[in-house]
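> I'd like to ask you about the structure that follows.
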Amino acid sequence: NVLQKYLPTTFSKWSIEAEESKRKVTFVIGVDTFVRIINPKYYEDSYENMLEAVRDMGRKGVRYIVGGRLEQGKEQGEISKFITGQEELSTLPNDVQGLFILIREEDFRVDISSTELRKQASSSSAMMDE
């Protein structure tokens, strides 16, 4: 099975379950995960293997919603660009592009990191314990 060969265990397992149950599965992922999914490096450095694996998931009913993020590593005062994955998506064949929905910055953007969310949750929890 191409999924088991190339994709991380979790994606592969969910994908196989989706096929067996004949249900469609949609993953909500970040742009960095999207870039990894379409990176040939994870498919024996083969663009064709990557396309085969992603198409196989598509045939099994798997789709993706991709959330963007601000680019990291900018110096203070520099304007950060919002990365959606559009450049990477545009390099793929149309049938593969159709498996991914990119969330545009104007549709949804929350500038808070997971670290900040954990800090807020931790401080809220501490306040409740008092």
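Note on naming: chains are A, B, ... as they come in the structure tokens, residues start from 1 per chain, ligands start from 1 in the order shown.
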Compile the contact shell of A:Val96 as number ranges by chain: residues with an atom at most 10 Å away, counting only C-alpha atoms, same-chain residues fewer than 5 positions apart removed.
A: 38, 51-52, 54-55, 58, 63, 89-91
> So that I can check the surroundings of A:Glu88, please list as a ChimeraX atom specification every protein, DNA and RNA residue that reaches within 10 Å of it, counting only C-alpha atoms and ignoring chain neighbours fewer than 4 positions away.
/A:31,34-35,38-39,84,92,97
> How about saving the chosen residues, all heavy atoms kept, as an mmCIF file, in the first residue's frame?

data_model
loop_
_atom_site.group_PDB
_atom_site.id
_atom_site.type_symbol
_atom_site.label_atom_id
_atom_site.label_comp_id
_atom_site.auth_asym_id
_atom_site.auth_seq_id
_atom_site.Cartn_x
_atom_site.Cartn_y
_atom_site.Cartn_z
ATOM 1 N N VAL A 31 0.268 25.158 7.343
ATOM 2 C CA VAL A 31 1.002 25.264 6.086
ATOM 3 C C VAL A 31 2.328 24.502 6.139
ATOM 4 O O VAL A 31 2.750 23.931 5.126
ATOM 5 C CB VAL A 31 1.190 26.748 5.675
ATOM 6 C CG1 VAL A 31 2.139 27.472 6.616
ATOM 7 C CG2 VAL A 31 1.668 26.859 4.235
ATOM 8 N N PHE A 34 1.521 20.946 5.384
ATOM 9 C CA PHE A 34 1.206 20.867 3.954
ATOM 10 C C PHE A 34 2.488 20.774 3.126
ATOM 11 O O PHE A 34 2.622 19.911 2.251
ATOM 12 C CB PHE A 34 0.367 22.075 3.531
ATOM 13 C CG PHE A 34 0.342 22.324 2.049
ATOM 14 C CD1 PHE A 34 -0.238 21.399 1.188
ATOM 15 C CD2 PHE A 34 0.904 23.464 1.511
ATOM 16 C CE1 PHE A 34 -0.257 21.626 -0.184
ATOM 17 C CE2 PHE A 34 0.887 23.698 0.145
ATOM 18 C CZ PHE A 34 0.301 22.777 -0.706
ATOM 19 N N VAL A 35 3.448 21.645 3.429
ATOM 20 C CA VAL A 35 4.711 21.658 2.687
ATOM 21 C C VAL A 35 5.433 20.317 2.851
ATOM 22 O O VAL A 35 6.030 19.804 1.898
ATOM 23 C CB VAL A 35 5.585 22.854 3.120
ATOM 24 C CG1 VAL A 35 6.987 22.756 2.563
ATOM 25 C CG2 VAL A 35 4.927 24.165 2.683
ATOM 26 N N ILE A 38 3.823 17.454 0.661
ATOM 27 C CA ILE A 38 4.127 17.489 -0.772
ATOM 28 C C ILE A 38 5.629 17.551 -1.057
ATOM 29 O O ILE A 38 6.027 17.760 -2.195
ATOM 30 C CB ILE A 38 3.396 18.651 -1.474
ATOM 31 C CG1 ILE A 38 3.868 20.004 -0.945
ATOM 32 C CG2 ILE A 38 1.883 18.481 -1.347
ATOM 33 C CD1 ILE A 38 3.433 21.184 -1.800
ATOM 34 N N ASN A 39 6.448 17.333 -0.052
ATOM 35 C CA ASN A 39 7.897 17.375 -0.240
ATOM 36 C C ASN A 39 8.400 16.000 -0.692
ATOM 37 O O ASN A 39 8.315 15.031 0.056
ATOM 38 C CB ASN A 39 8.583 17.777 1.070
ATOM 39 C CG ASN A 39 10.066 18.002 0.903
ATOM 40 O OD1 ASN A 39 10.699 17.487 -0.004
ATOM 41 N ND2 ASN A 39 10.629 18.773 1.808
ATOM 42 N N THR A 84 0.563 31.141 2.992
ATOM 43 C CA THR A 84 -0.625 30.300 2.832
ATOM 44 C C THR A 84 -0.319 28.956 2.180
ATOM 45 O O THR A 84 -1.124 28.043 2.258
ATOM 46 C CB THR A 84 -1.672 30.996 1.948
ATOM 47 O OG1 THR A 84 -1.107 31.190 0.641
ATOM 48 C CG2 THR A 84 -2.118 32.318 2.546
ATOM 49 N N LEU A 92 1.780 22.087 -8.258
ATOM 50 C CA LEU A 92 1.224 20.734 -8.345
ATOM 51 C C LEU A 92 0.226 20.619 -9.491
ATOM 52 O O LEU A 92 -0.408 21.612 -9.879
ATOM 53 C CB LEU A 92 0.523 20.378 -7.033
ATOM 54 C CG LEU A 92 1.396 20.386 -5.788
ATOM 55 C CD1 LEU A 92 0.537 20.207 -4.545
ATOM 56 C CD2 LEU A 92 2.469 19.313 -5.875
ATOM 57 N N GLN A 97 -3.961 19.640 -6.677
ATOM 58 C CA GLN A 97 -4.328 20.930 -6.077
ATOM 59 C C GLN A 97 -5.736 20.868 -5.500
ATOM 60 O O GLN A 97 -6.011 21.430 -4.445
ATOM 61 C CB GLN A 97 -4.276 22.054 -7.127
ATOM 62 C CG GLN A 97 -2.895 22.466 -7.529
ATOM 63 C CD GLN A 97 -2.910 23.636 -8.507
ATOM 64 O OE1 GLN A 97 -3.823 24.460 -8.487
ATOM 65 N NE2 GLN A 97 -1.900 23.712 -9.353
#
> Would you mind writing down, as a list in words, each residue of stretch 26-121 of chain A that DSSP on the backbone assigns to strand (DSSP E or B)?
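Output for stretch 26-121 of chain A, strand (DSSP E or B) only: Thr26, Phe27, Val28, Ile29, Gly30, Val62, Arg63, Tyr64, Ile65, Val66, Gly67, Arg69, Leu70, Phe82, Ile83, Phe100, Ile101 and Leu102 of chain A.
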> Restricting it to N, CA, C and O atoms, dump the selection as a compact mmCIF listing (two decimals), in the first residue's frame.

# COMPACT_ATOMS: atom_id res chain seq x y z
N THR A 26 -11.41 14.80 6.29
CA THR A 26 -10.74 16.07 6.02
C THR A 26 -9.84 16.40 7.18
O THR A 26 -10.28 16.44 8.32
N PHE A 27 -8.56 16.61 6.87
CA PHE A 27 -7.59 17.01 7.88
C PHE A 27 -7.44 18.52 7.84
O PHE A 27 -7.34 19.11 6.77
N VAL A 28 -7.43 19.15 9.00
CA VAL A 28 -7.11 20.57 9.11
C VAL A 28 -5.65 20.61 9.55
O VAL A 28 -5.31 20.13 10.63
N ILE A 29 -4.81 21.17 8.70
CA ILE A 29 -3.37 21.16 8.94
C ILE A 29 -2.81 22.56 8.76
O ILE A 29 -3.44 23.42 8.15
N GLY A 30 -1.63 22.77 9.29
CA GLY A 30 -0.94 24.03 9.08
C GLY A 30 -0.12 23.99 7.80
O GLY A 30 0.15 22.92 7.24
N VAL A 62 -9.65 11.44 1.18
CA VAL A 62 -8.94 12.36 2.08
C VAL A 62 -8.79 13.72 1.40
O VAL A 62 -8.40 13.81 0.23
N ARG A 63 -9.11 14.77 2.15
CA ARG A 63 -8.94 16.15 1.71
C ARG A 63 -8.25 16.91 2.83
O ARG A 63 -8.21 16.45 3.98
N TYR A 64 -7.77 18.11 2.53
CA TYR A 64 -7.04 18.91 3.51
C TYR A 64 -7.52 20.36 3.48
O TYR A 64 -7.73 20.93 2.41
N ILE A 65 -7.65 20.93 4.66
CA ILE A 65 -7.84 22.37 4.80
C ILE A 65 -6.54 22.87 5.42
O ILE A 65 -6.10 22.36 6.45
N VAL A 66 -5.93 23.87 4.78
CA VAL A 66 -4.59 24.32 5.18
C VAL A 66 -4.66 25.74 5.73
O VAL A 66 -5.08 26.66 5.03
N GLY A 67 -4.24 25.88 6.99
CA GLY A 67 -4.18 27.19 7.62
C GLY A 67 -2.79 27.78 7.48
O GLY A 67 -1.78 27.09 7.61
N ARG A 69 0.23 30.98 8.21
CA ARG A 69 0.89 31.57 9.38
C ARG A 69 1.78 32.71 8.92
O ARG A 69 2.11 32.84 7.74
N LEU A 70 2.18 33.53 9.89
CA LEU A 70 3.16 34.57 9.61
C LEU A 70 4.53 33.94 9.46
O LEU A 70 4.88 33.02 10.20
N PHE A 82 2.34 36.80 5.35
CA PHE A 82 1.47 35.70 5.73
C PHE A 82 1.65 34.60 4.68
O PHE A 82 1.47 34.81 3.49
N ILE A 83 2.02 33.40 5.14
CA ILE A 83 2.31 32.28 4.25
C ILE A 83 1.08 31.37 4.20
O ILE A 83 0.62 30.88 5.23
N PHE A 100 -6.61 20.16 -1.71
CA PHE A 100 -6.22 21.10 -0.67
C PHE A 100 -7.04 22.38 -0.78
O PHE A 100 -7.17 22.94 -1.86
N ILE A 101 -7.57 22.83 0.35
CA ILE A 101 -8.23 24.14 0.43
C ILE A 101 -7.34 25.01 1.31
O ILE A 101 -7.07 24.67 2.47
N LEU A 102 -6.86 26.10 0.74
CA LEU A 102 -6.01 27.02 1.50
C LEU A 102 -6.87 28.11 2.11
O LEU A 102 -7.69 28.72 1.44
> Which residue out of A:Ser113, A:Asn49, A:Asn94, A:Ser124 has the minimum interatomic distance to A:Gln72 when only C-alpha atoms are used?
A:Ser113
> Could you go through stretch 53-91 of chain A and tell me which residues DSSP, when run on the backbone, assigns to helix (DSSP H, G or I), listing them as a list in words?
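Assigned to helix (DSSP H, G or I), within stretch 53-91 of chain A: Ala53, Val54, Arg55, Asp56, Met57, Gly58, Arg59, Gln86, Glu87, Glu88 and Leu89 of chain A.
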> Which one of A:Thr115, A:Asp95, A:Glu106, A:Pro40 sits closest to A:Arg59 if you count only C-alpha atoms?
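Smallest separation from A:Arg59 among the options: A:Asp95.
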